[in-house]
file query-v3.txt (compact mmCIF, C-alpha atoms)
# COMPACT_ATOMS: atom_id res chain seq x y z
CA MET A 1 -0.52 14.59 16.23
CA ILE A 2 -0.97 16.12 12.80
CA LEU A 3 2.00 18.13 11.57
CA SER A 4 1.57 21.74 10.57
CA ASN A 5 2.96 23.00 7.28
CA VAL A 6 6.00 24.33 9.14
CA GLU A 7 6.59 21.00 10.88
CA ILE A 8 6.22 19.13 7.59
CA LEU A 9 9.00 21.21 6.10
CA LYS A 10 11.11 20.75 9.24
CA GLY A 11 10.64 16.99 8.99
CA ILE A 12 11.77 17.05 5.36
CA ARG A 13 14.78 19.23 6.13
CA ASP A 14 15.74 17.06 9.10
CA LYS A 15 15.42 13.98 6.86
CA GLN A 16 12.84 12.36 9.15
CA PHE A 17 10.76 11.67 6.05
CA SER A 18 10.83 12.80 2.46
CA ILE A 19 8.46 13.99 -0.23
CA SER A 20 10.10 14.27 -3.61
CA LYS A 21 9.16 16.65 -6.41
CA LEU A 22 7.22 19.08 -4.22
CA ALA A 23 6.14 22.08 -6.27
CA GLY A 24 7.43 24.50 -3.64
CA LEU A 25 8.98 24.76 -0.21
CA ASP A 26 7.31 27.87 1.15
CA PRO A 27 4.89 26.75 3.87
CA ALA A 28 2.67 29.75 3.22
CA LYS A 29 2.17 28.89 -0.44
CA SER A 30 0.85 26.04 -2.55
CA PRO A 31 1.28 23.07 -2.38
CA PHE A 32 1.08 23.58 1.39
CA ASN A 33 -2.05 24.01 3.40
CA THR A 34 -1.98 24.77 7.11
CA SER A 35 -1.82 21.11 8.10
CA ALA A 36 -1.31 19.19 4.86
CA VAL A 37 0.51 19.25 1.59
CA ASP A 38 -1.16 18.78 -1.79
CA LEU A 39 0.07 16.09 -4.15
CA THR A 40 -0.39 15.95 -7.88
CA LEU A 41 -1.51 13.36 -10.40
CA SER A 42 1.12 11.67 -12.55
CA SER A 43 0.75 11.16 -16.28
CA GLU A 44 -0.32 7.53 -16.11
CA ILE A 45 -3.81 6.17 -15.48
CA VAL A 46 -4.67 2.49 -15.16
CA ILE A 47 -8.06 1.37 -16.36
CA PRO A 48 -9.53 -2.03 -15.51
CA LYS A 49 -10.35 -4.13 -18.58
CA PHE A 50 -14.04 -4.77 -18.93
CA GLU A 51 -14.00 -7.16 -21.90
CA VAL A 52 -13.15 -10.29 -19.98
CA PRO A 53 -14.95 -10.87 -16.70
CA ILE A 54 -12.59 -12.10 -14.02
CA GLN A 55 -13.08 -13.19 -10.47
CA LEU A 56 -10.63 -12.06 -7.81
CA ASP A 57 -9.98 -14.64 -5.13
CA LEU A 58 -7.36 -13.36 -2.70
CA ARG A 59 -6.82 -16.91 -1.45
CA LYS A 60 -5.21 -17.80 -4.75
CA PRO A 61 -1.62 -16.86 -5.63
CA GLY A 62 -0.60 -14.36 -8.28
CA ILE A 63 -3.13 -11.64 -7.54
CA ALA A 64 -0.74 -8.81 -8.43
CA LYS A 65 0.02 -10.39 -11.80
CA LEU A 66 -3.68 -11.04 -12.45
CA LEU A 67 -4.57 -7.42 -11.70
CA ALA A 68 -1.80 -6.22 -14.01
CA GLN A 69 -2.90 -8.50 -16.82
CA ASN A 70 -6.45 -7.27 -16.58
CA SER A 71 -5.81 -3.57 -16.76
CA THR A 72 -4.65 -1.10 -19.34
CA SER A 73 -2.25 1.76 -18.82
CA VAL A 74 -3.01 5.08 -20.48
CA ILE A 75 -0.73 8.11 -20.68
CA ILE A 76 -2.54 11.38 -20.20
CA THR A 77 -1.30 14.82 -21.13
CA GLU A 78 -2.42 18.37 -20.59
CA CYS A 79 -3.85 18.30 -24.12
CA GLN A 80 -5.26 14.80 -23.90
CA PRO A 81 -6.72 14.32 -20.43
CA TYR A 82 -8.75 11.28 -19.47
CA ALA A 83 -12.49 11.85 -19.09
CA LEU A 84 -13.59 9.83 -16.09
CA LYS A 85 -17.24 8.96 -16.49
CA HIS A 86 -19.82 8.50 -13.77
CA GLY A 87 -19.41 5.33 -11.79
CA LEU A 88 -16.08 4.32 -13.24
CA LEU A 89 -12.95 3.48 -11.31
CA VAL A 90 -9.41 4.09 -12.49
CA LEU A 91 -6.12 4.02 -10.67
CA GLY A 92 -3.72 6.92 -10.61
CA LYS A 93 -0.43 7.69 -8.94
CA THR A 94 1.05 10.76 -7.41
CA ASN A 95 3.93 12.52 -9.08
CA GLU A 96 5.51 12.84 -5.68
CA SER A 97 7.30 9.94 -4.07
CA VAL A 98 7.26 9.73 -0.29
CA SER A 99 9.36 7.92 2.25
CA PHE A 100 8.56 7.40 5.92
CA PRO A 101 11.55 5.43 7.15
CA LEU A 102 11.73 3.21 10.19
CA THR A 103 14.81 4.16 12.15
CA ALA A 104 16.15 1.94 14.90
CA GLY A 105 15.36 3.26 18.34
CA ALA A 106 13.77 6.41 17.04
CA GLY A 107 10.29 7.69 16.46
CA CYS A 108 8.77 7.74 13.01
CA TYR A 109 6.01 9.20 10.96
CA SER A 110 3.09 7.95 8.94
CA ALA A 111 0.56 9.74 6.78
CA ARG A 112 -2.93 9.68 5.39
CA VAL A 113 -3.88 10.56 1.87
CA GLU A 114 -7.17 12.39 1.65
CA GLY A 115 -9.26 14.03 -1.00
CA ARG A 116 -9.45 17.75 -1.58
CA SER A 117 -12.68 19.64 -1.08
CA SER A 118 -12.69 21.19 -4.54
CA ILE A 119 -12.48 17.80 -6.22
CA ALA A 120 -14.94 16.29 -3.76
CA ARG A 121 -17.46 18.90 -4.86
CA CYS A 122 -17.25 17.40 -8.32
CA GLY A 123 -18.13 13.98 -6.95
CA ILE A 124 -14.66 12.51 -7.18
CA LEU A 125 -13.22 10.11 -4.65
CA VAL A 126 -9.46 9.72 -4.77
CA HIS A 127 -9.42 6.85 -2.34
CA PHE A 128 -12.29 5.07 -0.73
CA THR A 129 -10.85 2.66 1.74
CA ALA A 130 -7.09 2.77 2.00
CA PRO A 131 -5.80 6.18 3.06
CA THR A 132 -2.98 5.10 5.35
CA ILE A 133 0.65 5.51 4.37
CA HIS A 134 2.30 3.34 6.98
CA ALA A 135 5.60 4.00 8.67
CA GLY A 136 8.19 2.21 6.58
CA PHE A 137 6.46 2.97 3.28
CA GLU A 138 8.48 4.26 0.38
CA GLY A 139 7.31 5.11 -3.12
CA THR A 140 4.63 6.89 -5.06
CA ILE A 141 1.08 6.78 -3.72
CA THR A 142 -1.56 4.88 -5.64
CA LEU A 143 -4.99 6.47 -5.80
CA GLU A 144 -8.28 4.70 -6.40
CA ILE A 145 -10.20 7.37 -8.30
CA ILE A 146 -13.93 6.99 -8.84
CA ASN A 147 -16.46 9.43 -10.22
CA LEU A 148 -19.67 9.55 -8.21
CA GLY A 149 -20.73 12.79 -9.87
CA TYR A 150 -22.78 12.98 -13.02
CA ALA A 151 -20.43 15.06 -15.13
CA ASP A 152 -17.36 13.62 -16.80
CA PHE A 153 -14.31 14.66 -14.85
CA LEU A 154 -11.05 15.37 -16.64
CA LEU A 155 -7.90 13.87 -15.21
CA TYR A 156 -4.69 15.51 -16.37
CA PRO A 157 -1.10 15.36 -15.18
CA GLY A 158 -0.25 17.84 -12.49
CA LEU A 159 -3.83 18.06 -11.21
CA LYS A 160 -3.79 18.68 -7.46
CA ILE A 161 -5.58 15.45 -6.74
CA CYS A 162 -5.12 14.75 -3.05
CA GLN A 163 -3.59 16.00 0.16
CA LEU A 164 -1.15 14.30 2.46
CA ILE A 165 -1.65 14.62 6.20
CA ILE A 166 1.43 13.62 8.18
CA GLU A 167 1.35 12.38 11.74
CA GLU A 168 3.97 11.43 14.27
CA VAL A 169 3.68 7.80 15.36
CA LYS A 170 3.46 7.55 19.11
CA GLY A 171 6.02 5.12 20.47
CA ILE A 172 8.58 3.12 18.57
CA PRO A 173 7.39 0.34 16.25
CA ALA A 174 8.63 -3.15 16.99
CA GLU A 175 12.36 -3.05 16.62
CA ALA A 176 13.74 -6.01 18.50
CA PRO A 177 14.06 -9.38 16.80
CA ASN A 178 11.81 -12.01 18.38
CA GLN A 179 9.35 -9.37 19.48
CA PHE A 180 6.60 -11.22 17.63
CA LYS A 181 7.66 -14.68 18.60
CA GLY A 182 4.67 -16.75 19.56
CA GLN A 183 2.26 -13.91 19.02
CA GLN A 184 -1.12 -15.06 17.79
CA ASP A 185 -3.13 -11.88 17.63
CA ALA A 186 -4.09 -9.71 14.69
CA VAL A 187 -0.58 -8.63 13.83
CA GLY A 188 0.79 -12.15 13.93
CA VAL A 189 1.64 -13.91 10.73
CA VAL A 190 -0.96 -16.28 9.43
CA THR A 191 0.16 -18.86 6.92
CA SER A 192 -1.36 -22.08 5.74
CA ALA A 193 0.84 -23.92 8.18
CA ASP A 194 -0.58 -21.85 11.01
CA LYS A 195 -4.12 -22.61 9.94
CA HIS A 196 -3.70 -26.39 9.94
CA MET B 1 13.68 -2.79 12.95
CA ASN B 2 17.14 -1.93 11.71
CA ILE B 3 17.98 -5.31 10.18
CA ILE B 4 17.34 -4.94 6.50
CA ALA B 5 17.71 -7.89 4.19
CA LYS B 6 17.08 -8.63 0.55
CA ILE B 7 14.30 -11.03 -0.36
CA SER B 8 14.41 -12.94 -3.64
CA CYS B 9 11.49 -12.22 -5.90
CA THR B 10 10.14 -12.80 -9.36
CA LEU B 11 9.07 -9.78 -11.37
CA SER B 12 6.49 -9.13 -14.01
CA ASN B 13 4.83 -6.03 -15.40
CA GLY B 14 2.82 -4.08 -12.86
CA MET B 15 -0.34 -2.11 -13.44
CA PHE B 16 1.63 1.11 -13.89
CA GLY B 17 4.65 1.45 -16.12
CA ASN B 18 6.88 2.42 -13.20
CA GLU B 19 6.07 -0.61 -11.09
CA TYR B 20 6.52 -4.36 -11.01
CA ALA B 21 4.16 -7.06 -9.85
CA VAL B 22 6.45 -8.71 -7.30
CA GLU B 23 6.07 -12.26 -6.10
CA ILE B 24 7.97 -13.82 -3.19
CA ILE B 25 7.88 -17.29 -1.72
CA THR B 26 6.82 -17.50 1.90
CA SER B 27 7.26 -20.31 4.40
CA GLY B 28 5.22 -23.32 3.46
CA GLY B 29 5.69 -22.54 -0.22
CA GLU B 30 2.86 -20.04 -0.47
CA LYS B 31 3.39 -17.09 -2.75
CA ALA B 32 2.82 -13.50 -1.75
CA SER B 33 2.45 -10.75 -4.33
CA PHE B 34 2.30 -7.00 -4.27
CA PHE B 35 3.29 -4.00 -6.38
CA MET B 36 6.57 -2.11 -6.02
CA ASP B 37 7.99 0.93 -7.75
CA LYS B 38 10.71 -0.22 -10.14
CA ASP B 39 13.36 1.97 -8.56
CA LEU B 40 12.92 0.09 -5.28
CA VAL B 41 13.69 -3.27 -6.86
CA THR B 42 17.18 -4.61 -7.56
CA HIS B 43 17.69 -6.97 -10.47
CA ASN B 44 19.96 -9.95 -10.06
CA GLY B 45 21.07 -10.08 -13.67
CA SER B 46 17.72 -11.13 -15.03
CA GLU B 47 14.73 -9.06 -16.09
CA SER B 48 12.31 -11.35 -14.32
CA THR B 49 14.03 -11.91 -11.00
CA GLY B 50 15.52 -9.68 -8.37
CA PHE B 51 15.46 -8.55 -4.77
CA ILE B 52 13.34 -6.29 -2.63
CA LYS B 53 14.40 -4.84 0.69
CA ALA B 54 12.50 -5.82 3.82
CA ASN B 55 12.96 -5.46 7.56
CA ILE B 56 13.80 -8.58 9.50
CA VAL B 57 11.69 -8.81 12.62
CA GLU B 58 12.47 -12.31 13.81
CA ASN B 59 15.41 -14.46 12.82
CA GLU B 60 15.17 -17.93 14.24
CA GLY B 61 15.28 -21.41 12.84
CA GLU B 62 14.87 -21.90 9.12
CA ASP B 63 12.59 -18.91 8.61
CA CYS B 64 12.52 -15.21 9.28
CA THR B 65 9.56 -13.01 9.96
CA VAL B 66 9.91 -9.99 7.73
CA LEU B 67 8.06 -6.73 7.42
CA LEU B 68 7.43 -6.23 3.72
CA PRO B 69 7.47 -2.76 2.22
CA LYS B 70 3.93 -3.32 0.95
CA GLU B 71 1.02 -5.43 2.08
CA ALA B 72 0.89 -8.82 0.38
CA LEU B 73 -2.39 -9.10 -1.49
CA GLU B 74 -2.98 -12.77 -0.74
CA GLN B 75 -2.03 -12.66 2.94
CA GLY B 76 -3.45 -9.22 3.65
CA THR B 77 -0.49 -8.30 5.83
CA ARG B 78 3.03 -6.88 5.65
CA TRP B 79 4.26 -9.45 8.17
CA VAL B 80 5.15 -12.72 6.51
CA ARG B 81 7.44 -15.61 7.26
CA VAL B 82 10.07 -16.26 4.62
CA PRO B 83 12.49 -19.19 4.35
CA LYS B 84 16.09 -18.16 4.92
CA ASN B 85 17.06 -19.58 1.56
CA GLN B 86 15.06 -16.72 0.03
CA ILE B 87 16.88 -14.07 2.03
CA ALA B 88 20.23 -12.40 1.47
CA PHE B 89 21.44 -10.68 4.61
CA ALA B 90 23.38 -7.45 4.13

call {"tool": "encode", "arguments": {"input": "query-v3.txt", "output": "C-alpha cells"}}
result
Amino acid sequence: MILSNVEILKGIRDKQFSISKLAGLDPAKSPFNTSAVDLTLSSEIVIPKFEVPIQLDLRKPGIAKLLAQNSTSVIITECQPYALKHGLLVLGKTNESVSFPLTAGAGCYSARVEGRSSIARCGILVHFTAPTIHAGFEGTITLEIINLGYADFLLYPGLKICQLIIEEVKGIPAEAPNQFKGQQDAVGVVTSADKH
Amino acid sequence: MNIIAKISCTLSNGMFGNEYAVEIITSGGEKASFFMDKDLVTHNGSESTGFIKANIVENEGEDCTVLLPKEALEQGTRWVRVPKNQIAFA
C-alpha cells in the first residue's frame, strides 16, 4: 500500500526508513505531495563519452569500471546549468539519500522513483526502466535522464526532478539462513558453476 | 536477514564523484561489479581496497550466499555466492 504524506513522515520519525536532506517536514507543504515526496537533483551530472565507441557485454567482468571510464562528470550550478539536448541521456543523482533497512523479523518498506508531471510535460524522462528502490537499499538515487522533447532542458542543482512513492512490503523478506538452499528459480543464484 | 558481514572488494573511481566502482570476487572466481556511495564503503588501509556490508542469507560449506546492497551488473542479481575467504563476519 502506498504511504500518504503523513505516513511517510511517521515512518521517518519512527526510523522505519530514512530520507536525508528533505527540504521540509510539513506534510502539507513542499516537498510533500499527498502520496509522495519530491526529491531534488544534485550538482553532479554524468555524461557518456561519445568519442570512443564501446560495446557493453554484461557477460564480461569489470562493467562498473568500464562505465566509469567511459563517462565524464560535470558539476552544474544555478548559474551554469547543463542544457540537455533532444535525444541525449545523462545520469544524475538525488541530493537526498534514502535508506530502507531490512530488520530481522519485522516488516520493511520499498519505494519507486517516478517522474513529475511538470517535467514530463517538457519531454523529460528521469528514469525509463528502473524505478524500484528495493528493501535493503541505502544511498542516493541514480536517475537516467533523457530528453525526448525538442527544446533544450536545463538541469540545475536543487531542481525538483522526481518523486518518491513509498510502499510497505507485504510479508517479511527472507530472513532465515538456508532459506534459499537448493532453490533453482528466478531468485536463485546463477554462477558459471551452476551453468555447467 | 540480520546477519551482516563485510565483503572484501577492490575500488576504483565511479561514474559520480561520490561513488566507487566496486568489484568483488564471487564463488568460482567470477567478478561482480556495481556502484556504491563512498560513505557506504570502508577502506582497509588502502585507497583501492576495502569492504562493503552485505546480508548473509546462507552460510554453509566454503561459500555464503549474500544479498548485496546493489545489483551486480554482470550477474544481474543482488544474490551472489561469495567464498568465505572474502568475508569478514562481524

call {"tool": "interface_residues", "arguments": {"input": "query-v3.txt", "of": "chain B", "to": "chain A", "cutoff": "7 Å", "atoms": "only C-alpha atoms", "output": "ChimeraX atom specification"}}
result
/B:1-2,12-16,21,28,31-35,37,57-59,69,73-74,79-81

call {"tool": "atom_distance", "arguments": {"input": "query-v3.txt", "atom1": "atom CA of A:Lys170", "atom2": "atom CA of A:Asp26"}}
result
27.4 Å

call {"tool": "residues_around", "arguments": {"input": "query-v3.txt", "residues": "A:Ser117", "least_positions_apart": "6", "cutoff": "12 Å", "atoms": "all atoms listed in the file", "output": "PyMOL selection string"}}
result
chain A and resi 38+123-126+160-163

call {"tool": "closest_residue", "arguments": {"input": "query-v3.txt", "among": "A:His127, A:Glu51, A:Asn33, A:Phe100", "to": "A:Asn147", "atoms": "all atoms listed in the file"}}
result
A:His127

call {"tool": "atom_distance", "arguments": {"input": "query-v3.txt", "atom1": "atom CA of A:Thr34", "atom2": "atom CA of A:Met1"}}
result
13.7 Å

call {"tool": "closest_residue", "arguments": {"input": "query-v3.txt", "among": "B:Ser8, B:Glu60, B:Phe89, B:Ile3", "to": "B:Ser46", "atoms": "all atoms listed in the file"}}
result
B:Ser8

call {"tool": "atom_distance", "arguments": {"input": "query-v3.txt", "atom1": "atom CA of A:Val113", "atom2": "atom CA of A:Ser30"}}
result
16.8 Å

call {"tool": "closest_residue", "arguments": {"input": "query-v3.txt", "among": "B:Asn18, B:Cys64, B:Ala88, B:Val82", "to": "B:Glu30", "atoms": "all atoms listed in the file"}}
result
B:Val82

call {"tool": "residues_near_point", "arguments": {"input": "query-v3.txt", "point": "(-0.6, 18.9, 5.3)", "cutoff": "6 Å", "atoms": "all atoms listed in the file", "output": "list in words"}}
result
Asn5, Asn33, Ser35, Ala36, Val37, Leu164 and Ile165 of chain A

call {"tool": "residues_around", "arguments": {"input": "query-v3.txt", "residues": "A:Ile12", "least_positions_apart": "6", "cutoff": "10 Å", "atoms": "only C-alpha atoms", "output": "PyMOL selection string"}}
result
chain A and resi 18-20+25+99

call {"tool": "write_last_selection", "arguments": {"input": "query-v3.txt", "atoms": "C-alpha atoms", "output": "PDB file, in the frame of the given file"}}
result
ATOM      1  CA  SER A  18      10.830  12.800   2.460  1.00  0.00           C
ATOM      2  CA  ILE A  19       8.460  13.990  -0.230  1.00  0.00           C
ATOM      3  CA  SER A  20      10.100  14.270  -3.610  1.00  0.00           C
ATOM      4  CA  LEU A  25       8.980  24.760  -0.210  1.00  0.00           C
ATOM      5  CA  SER A  99       9.360   7.920   2.250  1.00  0.00           C
TER       6      SER A  99
END

call {"tool": "build_atoms", "arguments": {"input": "query-v3.txt", "residues": "stretch 61-88 of chain B", "atoms": "N, CA and C atoms", "output": "PDB file, in the coordinates of the input"}}
result
ATOM      1  N   GLY B  61      15.585 -20.179  13.560  1.00  0.00           N
ATOM      2  CA  GLY B  61      15.280 -21.410  12.840  1.00  0.00           C
ATOM      3  C   GLY B  61      15.511 -21.260  11.354  1.00  0.00           C
ATOM      4  N   GLU B  62      14.674 -21.914  10.569  1.00  0.00           N
ATOM      5  CA  GLU B  62      14.870 -21.900   9.120  1.00  0.00           C
ATOM      6  C   GLU B  62      14.144 -20.756   8.429  1.00  0.00           C
ATOM      7  N   ASP B  63      13.368 -19.997   9.192  1.00  0.00           N
ATOM      8  CA  ASP B  63      12.590 -18.910   8.610  1.00  0.00           C
ATOM      9  C   ASP B  63      12.879 -17.589   9.309  1.00  0.00           C
ATOM     10  N   CYS B  64      12.504 -16.534   8.649  1.00  0.00           N
ATOM     11  CA  CYS B  64      12.520 -15.210   9.280  1.00  0.00           C
ATOM     12  C   CYS B  64      11.136 -14.602   9.135  1.00  0.00           C
ATOM     13  N   THR B  65      10.740 -13.851  10.124  1.00  0.00           N
ATOM     14  CA  THR B  65       9.560 -13.010   9.960  1.00  0.00           C
ATOM     15  C   THR B  65      10.047 -11.680   9.434  1.00  0.00           C
ATOM     16  N   VAL B  66       9.469 -11.254   8.323  1.00  0.00           N
ATOM     17  CA  VAL B  66       9.910  -9.990   7.730  1.00  0.00           C
ATOM     18  C   VAL B  66       8.727  -9.031   7.621  1.00  0.00           C
ATOM     19  N   LEU B  67       9.054  -7.773   7.663  1.00  0.00           N
ATOM     20  CA  LEU B  67       8.060  -6.730   7.420  1.00  0.00           C
ATOM     21  C   LEU B  67       8.254  -6.256   5.989  1.00  0.00           C
ATOM     22  N   LEU B  68       7.317  -6.602   5.135  1.00  0.00           N
ATOM     23  CA  LEU B  68       7.430  -6.230   3.720  1.00  0.00           C
ATOM     24  C   LEU B  68       7.186  -4.740   3.536  1.00  0.00           C
ATOM     25  N   PRO B  69       7.722  -4.181   2.468  1.00  0.00           N
ATOM     26  CA  PRO B  69       7.470  -2.760   2.220  1.00  0.00           C
ATOM     27  C   PRO B  69       6.021  -2.470   1.831  1.00  0.00           C
ATOM     28  N   LYS B  70       5.335  -3.475   1.318  1.00  0.00           N
ATOM     29  CA  LYS B  70       3.930  -3.320   0.950  1.00  0.00           C
ATOM     30  C   LYS B  70       3.154  -4.528   1.471  1.00  0.00           C
ATOM     31  N   GLU B  71       1.852  -4.331   1.629  1.00  0.00           N
ATOM     32  CA  GLU B  71       1.020  -5.430   2.080  1.00  0.00           C
ATOM     33  C   GLU B  71       0.866  -6.481   0.978  1.00  0.00           C
ATOM     34  N   ALA B  72       1.081  -7.744   1.352  1.00  0.00           N
ATOM     35  CA  ALA B  72       0.890  -8.820   0.380  1.00  0.00           C
ATOM     36  C   ALA B  72      -0.608  -8.994   0.125  1.00  0.00           C
ATOM     37  N   LEU B  73      -0.968  -9.055  -1.144  1.00  0.00           N
ATOM     38  CA  LEU B  73      -2.390  -9.100  -1.490  1.00  0.00           C
ATOM     39  C   LEU B  73      -3.052 -10.375  -0.986  1.00  0.00           C
ATOM     40  N   GLU B  74      -2.365 -11.495  -1.105  1.00  0.00           N
ATOM     41  CA  GLU B  74      -2.980 -12.770  -0.740  1.00  0.00           C
ATOM     42  C   GLU B  74      -3.074 -12.949   0.774  1.00  0.00           C
ATOM     43  N   GLN B  75      -2.060 -12.471   1.486  1.00  0.00           N
ATOM     44  CA  GLN B  75      -2.030 -12.660   2.940  1.00  0.00           C
ATOM     45  C   GLN B  75      -2.698 -11.511   3.684  1.00  0.00           C
ATOM     46  N   GLY B  76      -2.818 -10.362   3.008  1.00  0.00           N
ATOM     47  CA  GLY B  76      -3.450  -9.220   3.650  1.00  0.00           C
ATOM     48  C   GLY B  76      -2.639  -8.648   4.801  1.00  0.00           C
ATOM     49  N   THR B  77      -1.343  -8.796   4.754  1.00  0.00           N
ATOM     50  CA  THR B  77      -0.490  -8.300   5.830  1.00  0.00           C
ATOM     51  C   THR B  77       0.896  -7.987   5.285  1.00  0.00           C
ATOM     52  N   ARG B  78       1.623  -7.129   5.996  1.00  0.00           N
ATOM     53  CA  ARG B  78       3.030  -6.880   5.650  1.00  0.00           C
ATOM     54  C   ARG B  78       3.948  -7.848   6.379  1.00  0.00           C
ATOM     55  N   TRP B  79       3.428  -8.525   7.408  1.00  0.00           N
ATOM     56  CA  TRP B  79       4.260  -9.450   8.170  1.00  0.00           C
ATOM     57  C   TRP B  79       4.119 -10.833   7.578  1.00  0.00           C
ATOM     58  N   VAL B  80       5.189 -11.351   7.043  1.00  0.00           N
ATOM     59  CA  VAL B  80       5.150 -12.720   6.510  1.00  0.00           C
ATOM     60  C   VAL B  80       6.392 -13.479   6.950  1.00  0.00           C
ATOM     61  N   ARG B  81       6.269 -14.791   6.965  1.00  0.00           N
ATOM     62  CA  ARG B  81       7.440 -15.610   7.260  1.00  0.00           C
ATOM     63  C   ARG B  81       8.050 -16.072   5.940  1.00  0.00           C
ATOM     64  N   VAL B  82       9.358 -15.957   5.858  1.00  0.00           N
ATOM     65  CA  VAL B  82      10.070 -16.260   4.620  1.00  0.00           C
ATOM     66  C   VAL B  82      11.202 -17.232   4.933  1.00  0.00           C
ATOM     67  N   PRO B  83      11.364 -18.274   4.124  1.00  0.00           N
ATOM     68  CA  PRO B  83      12.490 -19.190   4.350  1.00  0.00           C
ATOM     69  C   PRO B  83      13.820 -18.466   4.181  1.00  0.00           C
ATOM     70  N   LYS B  84      14.795 -18.856   4.986  1.00  0.00           N
ATOM     71  CA  LYS B  84      16.090 -18.160   4.920  1.00  0.00           C
ATOM     72  C   LYS B  84      16.777 -18.340   3.578  1.00  0.00           C
ATOM     73  N   ASN B  85      16.427 -19.416   2.861  1.00  0.00           N
ATOM     74  CA  ASN B  85      17.060 -19.580   1.560  1.00  0.00           C
ATOM     75  C   ASN B  85      16.549 -18.578   0.518  1.00  0.00           C
ATOM     76  N   GLN B  86      15.566 -17.783   0.904  1.00  0.00           N
ATOM     77  CA  GLN B  86      15.060 -16.720   0.030  1.00  0.00           C
ATOM     78  C   GLN B  86      15.595 -15.350   0.437  1.00  0.00           C
ATOM     79  N   ILE B  87      16.435 -15.349   1.456  1.00  0.00           N
ATOM     80  CA  ILE B  87      16.880 -14.070   2.030  1.00  0.00           C
ATOM     81  C   ILE B  87      18.390 -13.921   1.898  1.00  0.00           C
ATOM     82  N   ALA B  88      18.801 -12.732   1.479  1.00  0.00           N
ATOM     83  CA  ALA B  88      20.230 -12.400   1.470  1.00  0.00           C
ATOM     84  C   ALA B  88      20.438 -11.324   2.521  1.00  0.00           C
TER      85      ALA B  88
END
